[in-house]
Amino acid sequence: MQRIAVLGAGHVGPVIARLALDAGFEVAIAASGSPKDLELITQVVMPGVKAQWAADAAAAADMVVLSIPLHRFPALDPGLLAGKLVVDAMNYWAPADGVVPMFQDQELSSSEIVQRRIPLSTVVKSLNQIAYQDLEDGRRPAASADRHAIGVAGDDPGAAKLVGEIIDRFGYDPILLGSLGAGRVLQPGGPVFGAVLTRSEFERAIHATAGQA
């Protein structure tokens, strides 16, 4: 795992790109338009990150992080991500972003819906739980007593473990949740969404929710 592509250059994408770069990965970032439109912001905000076309960034990557606005996801070409490990860092928050019919199914987590849309990819839910404003400053060394936690949810245990190792390199304790469905706790309205928590605080929050179910 050497190369990470971040699709989405709004608020979240550049922060994740910087985390990945600081962790020693080769990082490319892409938006919906030409990479020329990103060159200046990349040089200023993400020096060392390469701006590319989305297809080129995804093709060369070992892992692709989806941080595009979720209402744009239905138009994404599934072939772009075929065969890739994909981290779903998107959130479905209808009051803020509007209704997206694809994500109205309350029986599934949003990442299960993403996985159905891109069946030739391996989807893991992560990096969506902490607000982008806190994500960079929340990093701590591995031995820190106040190190914060980030949830990792996936149906493929090997893929989830790999993403967890990357989260650890980013400066967070990974909490493996067992399945994409279990990743519902990371979504808006979930017990840990928007919160910066230590491992013990995170685990208490999701156990309390499970006890109320």
# chains A, B, ... in the order shown; residues from 1 in each chain; ligands from 1
>>> residues_around(residues="region 41-48 of chain A", least_positions_apart="2", cutoff="12 Å", atoms="only C-alpha atoms", output="list of chain:residue names")
A:Ala9, A:Gly10, A:His11, A:Gly13, A:Pro14, A:Val15, A:Ile16, A:Ala17, A:Arg18, A:Leu19, A:Ala20, A:Leu21, A:Asp22, A:Gly24, A:Phe25, A:Glu26, A:Val27, A:Ala28, A:Ile29, A:Ala30, A:Ala31, A:Pro35, A:Lys36, A:Asp37, A:Leu38, A:Glu39, A:Lys50, A:Ala51, A:Gln52
>>> residues_around(residues="region 170-172 of chain A", least_positions_apart="6", cutoff="8 Å", atoms="only C-alpha atoms", output="list in words")
Leu19, Ala20, Asp22, Ala23, Gly138, Arg139, Arg140, Pro141, Ala142, Arg147, His148, Ala149 and Ile150 of chain A
>>> write_last_selection(atoms="C-alpha atoms", output="short mmCIF file (atom, residue, chain, number, x, y, z; two decimals), in the first residue's frame")
data_model
loop_
_atom_site.label_atom_id
_atom_site.label_comp_id
_atom_site.auth_asym_id
_atom_site.auth_seq_id
_atom_site.Cartn_x
_atom_site.Cartn_y
_atom_site.Cartn_z
CA LEU A 19 -2.96 13.14 6.58
CA ALA A 20 -1.97 10.54 4.01
CA ASP A 22 2.23 13.10 6.39
CA ALA A 23 1.90 9.34 6.96
CA GLY A 138 -6.90 15.31 16.46
CA ARG A 139 -3.88 13.20 15.57
CA ARG A 140 -1.83 11.72 18.42
CA PRO A 141 1.19 9.40 18.67
CA ALA A 142 0.40 5.73 19.23
CA ARG A 147 -5.32 9.29 21.40
CA HIS A 148 -8.60 9.54 19.51
CA ALA A 149 -10.47 6.77 17.72
CA ILE A 150 -11.87 6.40 14.22
#
>>> closest_atom_pairs(of="region 113-154 of chain A", to="region 75-89 of chain A", cutoff="9 Å", atoms="only C-alpha atoms", output="CSV")
residue,atom,partner,partner_atom,distance
A:Val114,CA,A:Asp88,CA,7.9
A:Arg117,CA,A:Pro78,CA,6.9
A:Ile118,CA,A:Pro78,CA,5.0
A:Pro119,CA,A:Ala82,CA,7.8
A:Leu120,CA,A:Ala82,CA,4.9
A:Ser121,CA,A:Gly83,CA,5.0
A:Thr122,CA,A:Leu85,CA,4.9
A:Val123,CA,A:Val86,CA,4.8
A:Val124,CA,A:Val87,CA,4.9
A:Lys125,CA,A:Asp88,CA,4.8
A:Ser126,CA,A:Ala89,CA,5.6
A:Leu127,CA,A:Ala89,CA,5.1
A:Asn128,CA,A:Ala89,CA,4.4
A:Gln129,CA,A:Ala89,CA,8.1
>>> write_last_selection(atoms="C-alpha atoms", output="mmCIF file, in the first residue's frame")
data_model
loop_
_atom_site.group_PDB
_atom_site.id
_atom_site.type_symbol
_atom_site.label_atom_id
_atom_site.label_comp_id
_atom_site.auth_asym_id
_atom_site.auth_seq_id
_atom_site.Cartn_x
_atom_site.Cartn_y
_atom_site.Cartn_z
ATOM 1 C CA VAL A 114 -22.355 2.540 -1.982
ATOM 2 C CA ARG A 117 -23.483 0.726 -6.632
ATOM 3 C CA ILE A 118 -19.802 -0.257 -7.088
ATOM 4 C CA PRO A 119 -19.958 -4.074 -6.773
ATOM 5 C CA LEU A 120 -16.521 -4.661 -8.299
ATOM 6 C CA SER A 121 -14.876 -2.612 -5.544
ATOM 7 C CA THR A 122 -14.261 -3.436 -1.883
ATOM 8 C CA VAL A 123 -15.852 -0.730 0.255
ATOM 9 C CA VAL A 124 -14.806 0.164 3.790
ATOM 10 C CA LYS A 125 -16.524 2.929 5.769
ATOM 11 C CA SER A 126 -14.148 5.270 7.606
ATOM 12 C CA LEU A 127 -12.840 8.853 7.915
ATOM 13 C CA ASN A 128 -16.378 10.271 7.890
ATOM 14 C CA GLN A 129 -17.059 10.383 11.612
#
>>> closest_residue(among="A:Ile68, A:Leu108, A:Trp93, A:Asp173", to="Ala143 (chain A)", atoms="only C-alpha atoms")
A:Asp173
>>> closest_residue(among="A:Ala205, A:Ala195, A:Ser144, A:Gly158", to="Gly178 (chain A)", atoms="only C-alpha atoms")
A:Gly158
>>> closest_residue(among="A:Leu7, A:Val99, A:Glu136, A:Ser34", to="Ser67 (chain A)", atoms="only C-alpha atoms")
A:Leu7
>>> atom_distance(atom1="CA of Phe193 (chain A)", atom2="CA of Ile4 (chain A)")
24.3 Å
>>> residues_around(residues="Tyr92 (chain A)", least_positions_apart="6", cutoff="9 Å", atoms="only C-alpha atoms", output="PyMOL selection string")
chain A and resi 69-71+98-100+103+110+187-188
>>> closest_residue(among="A:Glu112, A:Asp56, A:Glu203, A:Asp155", to="Pro191 (chain A)", atoms="only C-alpha atoms")
A:Glu203
>>> select_by_dssp(residues="region 23-170 of chain A", states="strand (DSSP E or B)", output="PyMOL selection string")
chain A and resi 26-30+50-51+63-66+85-88+122-125+148-154
>>> select_by_dssp(residues="region 49-208 of chain A", states="alpha helix (DSSP H)", output="PyMOL selection string")
chain A and resi 54-60+94-97+110-117+132-135+157-170+199-208
>>> closest_residue(among="A:Ala5, A:Met90, A:Met102, A:Ile166", to="Ala59 (chain A)", atoms="only C-alpha atoms")
A:Ala5
>>> atom_distance(atom1="CA of Ala160 (chain A)", atom2="CA of Ala96 (chain A)")
28.9 Å
>>> atom_distance(atom1="CA of Ile167 (chain A)", atom2="CA of Gln104 (chain A)")
29.1 Å
>>> closest_residue(among="A:Leu177, A:Val152, A:Ala145, A:Ala60", to="His207 (chain A)", atoms="only C-alpha atoms")
A:Leu177
>>> decode(residues="region 100-139 of chain A", atoms="N, CA and C atoms", output="mmCIF file, in the first residue's frame")
data_model
loop_
_atom_site.group_PDB
_atom_site.id
_atom_site.type_symbol
_atom_site.label_atom_id
_atom_site.label_comp_id
_atom_site.auth_asym_id
_atom_site.auth_seq_id
_atom_site.Cartn_x
_atom_site.Cartn_y
_atom_site.Cartn_z
ATOM 1 N N VAL A 100 -31.381 12.405 -1.510
ATOM 2 C CA VAL A 100 -30.791 11.625 -2.595
ATOM 3 C C VAL A 100 -31.542 10.297 -2.622
ATOM 4 N N PRO A 101 -32.420 10.089 -3.600
ATOM 5 C CA PRO A 101 -33.284 8.902 -3.574
ATOM 6 C C PRO A 101 -32.540 7.591 -3.377
ATOM 7 N N MET A 102 -31.348 7.463 -3.959
ATOM 8 C CA MET A 102 -30.587 6.229 -3.822
ATOM 9 C C MET A 102 -30.318 5.869 -2.370
ATOM 10 N N PHE A 103 -30.231 6.882 -1.514
ATOM 11 C CA PHE A 103 -29.843 6.661 -0.118
ATOM 12 C C PHE A 103 -31.017 6.750 0.851
ATOM 13 N N GLN A 104 -32.217 6.661 0.337
ATOM 14 C CA GLN A 104 -33.393 6.746 1.191
ATOM 15 C C GLN A 104 -33.753 5.411 1.854
ATOM 16 N N ASP A 105 -33.086 4.336 1.453
ATOM 17 C CA ASP A 105 -33.374 3.012 2.017
ATOM 18 C C ASP A 105 -32.881 2.946 3.460
ATOM 19 N N GLN A 106 -33.790 2.949 4.401
ATOM 20 C CA GLN A 106 -33.430 2.954 5.809
ATOM 21 C C GLN A 106 -32.993 1.582 6.313
ATOM 22 N N GLU A 107 -33.179 0.544 5.491
ATOM 23 C CA GLU A 107 -32.791 -0.802 5.903
ATOM 24 C C GLU A 107 -31.292 -1.034 5.767
ATOM 25 N N LEU A 108 -30.629 -0.196 5.001
ATOM 26 C CA LEU A 108 -29.203 -0.368 4.747
ATOM 27 C C LEU A 108 -28.427 0.845 5.242
ATOM 28 N N SER A 109 -27.181 0.611 5.627
ATOM 29 C CA SER A 109 -26.305 1.741 5.907
ATOM 30 C C SER A 109 -25.944 2.408 4.588
ATOM 31 N N SER A 110 -25.503 3.651 4.654
ATOM 32 C CA SER A 110 -25.165 4.356 3.414
ATOM 33 C C SER A 110 -24.036 3.656 2.667
ATOM 34 N N SER A 111 -23.099 3.059 3.402
ATOM 35 C CA SER A 111 -21.982 2.387 2.731
ATOM 36 C C SER A 111 -22.395 1.075 2.091
ATOM 37 N N GLU A 112 -23.417 0.423 2.625
ATOM 38 C CA GLU A 112 -23.945 -0.767 1.946
ATOM 39 C C GLU A 112 -24.541 -0.378 0.603
ATOM 40 N N ILE A 113 -25.162 0.783 0.547
ATOM 41 C CA ILE A 113 -25.716 1.279 -0.715
ATOM 42 C C ILE A 113 -24.589 1.630 -1.682
ATOM 43 N N VAL A 114 -23.530 2.246 -1.153
ATOM 44 C CA VAL A 114 -22.355 2.540 -1.982
ATOM 45 C C VAL A 114 -21.779 1.244 -2.541
ATOM 46 N N GLN A 115 -21.660 0.216 -1.705
ATOM 47 C CA GLN A 115 -21.104 -1.058 -2.159
ATOM 48 C C GLN A 115 -21.958 -1.671 -3.270
ATOM 49 N N ARG A 116 -23.270 -1.583 -3.158
ATOM 50 C CA ARG A 116 -24.151 -2.108 -4.206
ATOM 51 C C ARG A 116 -23.959 -1.372 -5.527
ATOM 52 N N ARG A 117 -23.664 -0.084 -5.429
ATOM 53 C CA ARG A 117 -23.483 0.726 -6.632
ATOM 54 C C ARG A 117 -22.148 0.414 -7.313
ATOM 55 N N ILE A 118 -21.125 0.053 -6.527
ATOM 56 C CA ILE A 118 -19.802 -0.257 -7.088
ATOM 57 C C ILE A 118 -19.426 -1.691 -6.687
ATOM 58 N N PRO A 119 -20.120 -2.692 -7.237
ATOM 59 C CA PRO A 119 -19.958 -4.074 -6.773
ATOM 60 C C PRO A 119 -18.596 -4.686 -7.064
ATOM 61 N N LEU A 120 -17.835 -4.123 -7.986
ATOM 62 C CA LEU A 120 -16.521 -4.661 -8.299
ATOM 63 C C LEU A 120 -15.424 -4.047 -7.442
ATOM 64 N N SER A 121 -15.818 -3.224 -6.492
ATOM 65 C CA SER A 121 -14.876 -2.612 -5.544
ATOM 66 C C SER A 121 -15.113 -3.199 -4.157
ATOM 67 N N THR A 122 -14.133 -3.025 -3.283
ATOM 68 C CA THR A 122 -14.261 -3.436 -1.883
ATOM 69 C C THR A 122 -14.388 -2.180 -1.044
ATOM 70 N N VAL A 123 -15.559 -1.974 -0.455
ATOM 71 C CA VAL A 123 -15.852 -0.730 0.255
ATOM 72 C C VAL A 123 -15.646 -0.901 1.755
ATOM 73 N N VAL A 124 -14.978 0.071 2.344
ATOM 74 C CA VAL A 124 -14.806 0.164 3.790
ATOM 75 C C VAL A 124 -15.245 1.558 4.217
ATOM 76 N N LYS A 125 -16.068 1.633 5.259
ATOM 77 C CA LYS A 125 -16.524 2.929 5.769
ATOM 78 C C LYS A 125 -15.535 3.444 6.806
ATOM 79 N N SER A 126 -15.045 4.662 6.623
ATOM 80 C CA SER A 126 -14.148 5.270 7.606
ATOM 81 C C SER A 126 -13.890 6.725 7.219
ATOM 82 N N LEU A 127 -13.270 7.467 8.126
ATOM 83 C CA LEU A 127 -12.840 8.853 7.915
ATOM 84 C C LEU A 127 -14.001 9.816 7.712
ATOM 85 N N ASN A 128 -15.216 9.393 8.033
ATOM 86 C CA ASN A 128 -16.378 10.271 7.890
ATOM 87 C C ASN A 128 -16.888 10.783 9.224
ATOM 88 N N GLN A 129 -16.443 10.169 10.309
ATOM 89 C CA GLN A 129 -17.059 10.383 11.612
ATOM 90 C C GLN A 129 -16.634 11.695 12.269
ATOM 91 N N ILE A 130 -15.384 12.098 12.074
ATOM 92 C CA ILE A 130 -14.850 13.310 12.710
ATOM 93 C C ILE A 130 -14.912 14.470 11.726
ATOM 94 N N ALA A 131 -15.384 15.613 12.171
ATOM 95 C CA ALA A 131 -15.480 16.793 11.310
ATOM 96 C C ALA A 131 -14.108 17.167 10.756
ATOM 97 N N TYR A 132 -14.096 17.622 9.525
ATOM 98 C CA TYR A 132 -12.819 17.930 8.886
ATOM 99 C C TYR A 132 -12.035 18.978 9.672
ATOM 100 N N GLN A 133 -12.738 19.864 10.375
ATOM 101 C CA GLN A 133 -12.048 20.895 11.155
ATOM 102 C C GLN A 133 -11.222 20.276 12.280
ATOM 103 N N ASP A 134 -11.633 19.116 12.771
ATOM 104 C CA ASP A 134 -10.953 18.462 13.891
ATOM 105 C C ASP A 134 -10.032 17.341 13.461
ATOM 106 N N LEU A 135 -10.163 16.868 12.236
ATOM 107 C CA LEU A 135 -9.480 15.657 11.824
ATOM 108 C C LEU A 135 -7.966 15.794 11.831
ATOM 109 N N GLU A 136 -7.465 16.921 11.395
ATOM 110 C CA GLU A 136 -6.014 17.106 11.331
ATOM 111 C C GLU A 136 -5.427 17.343 12.717
ATOM 112 N N ASP A 137 -6.083 18.173 13.516
ATOM 113 C CA ASP A 137 -5.558 18.507 14.841
ATOM 114 C C ASP A 137 -5.744 17.375 15.840
ATOM 115 N N GLY A 138 -6.609 16.397 15.526
ATOM 116 C CA GLY A 138 -6.895 15.315 16.462
ATOM 117 C C GLY A 138 -5.870 14.208 16.485
ATOM 118 N N ARG A 139 -4.886 14.261 15.624
ATOM 119 C CA ARG A 139 -3.880 13.196 15.570
ATOM 120 C C ARG A 139 -3.034 13.156 16.841
#
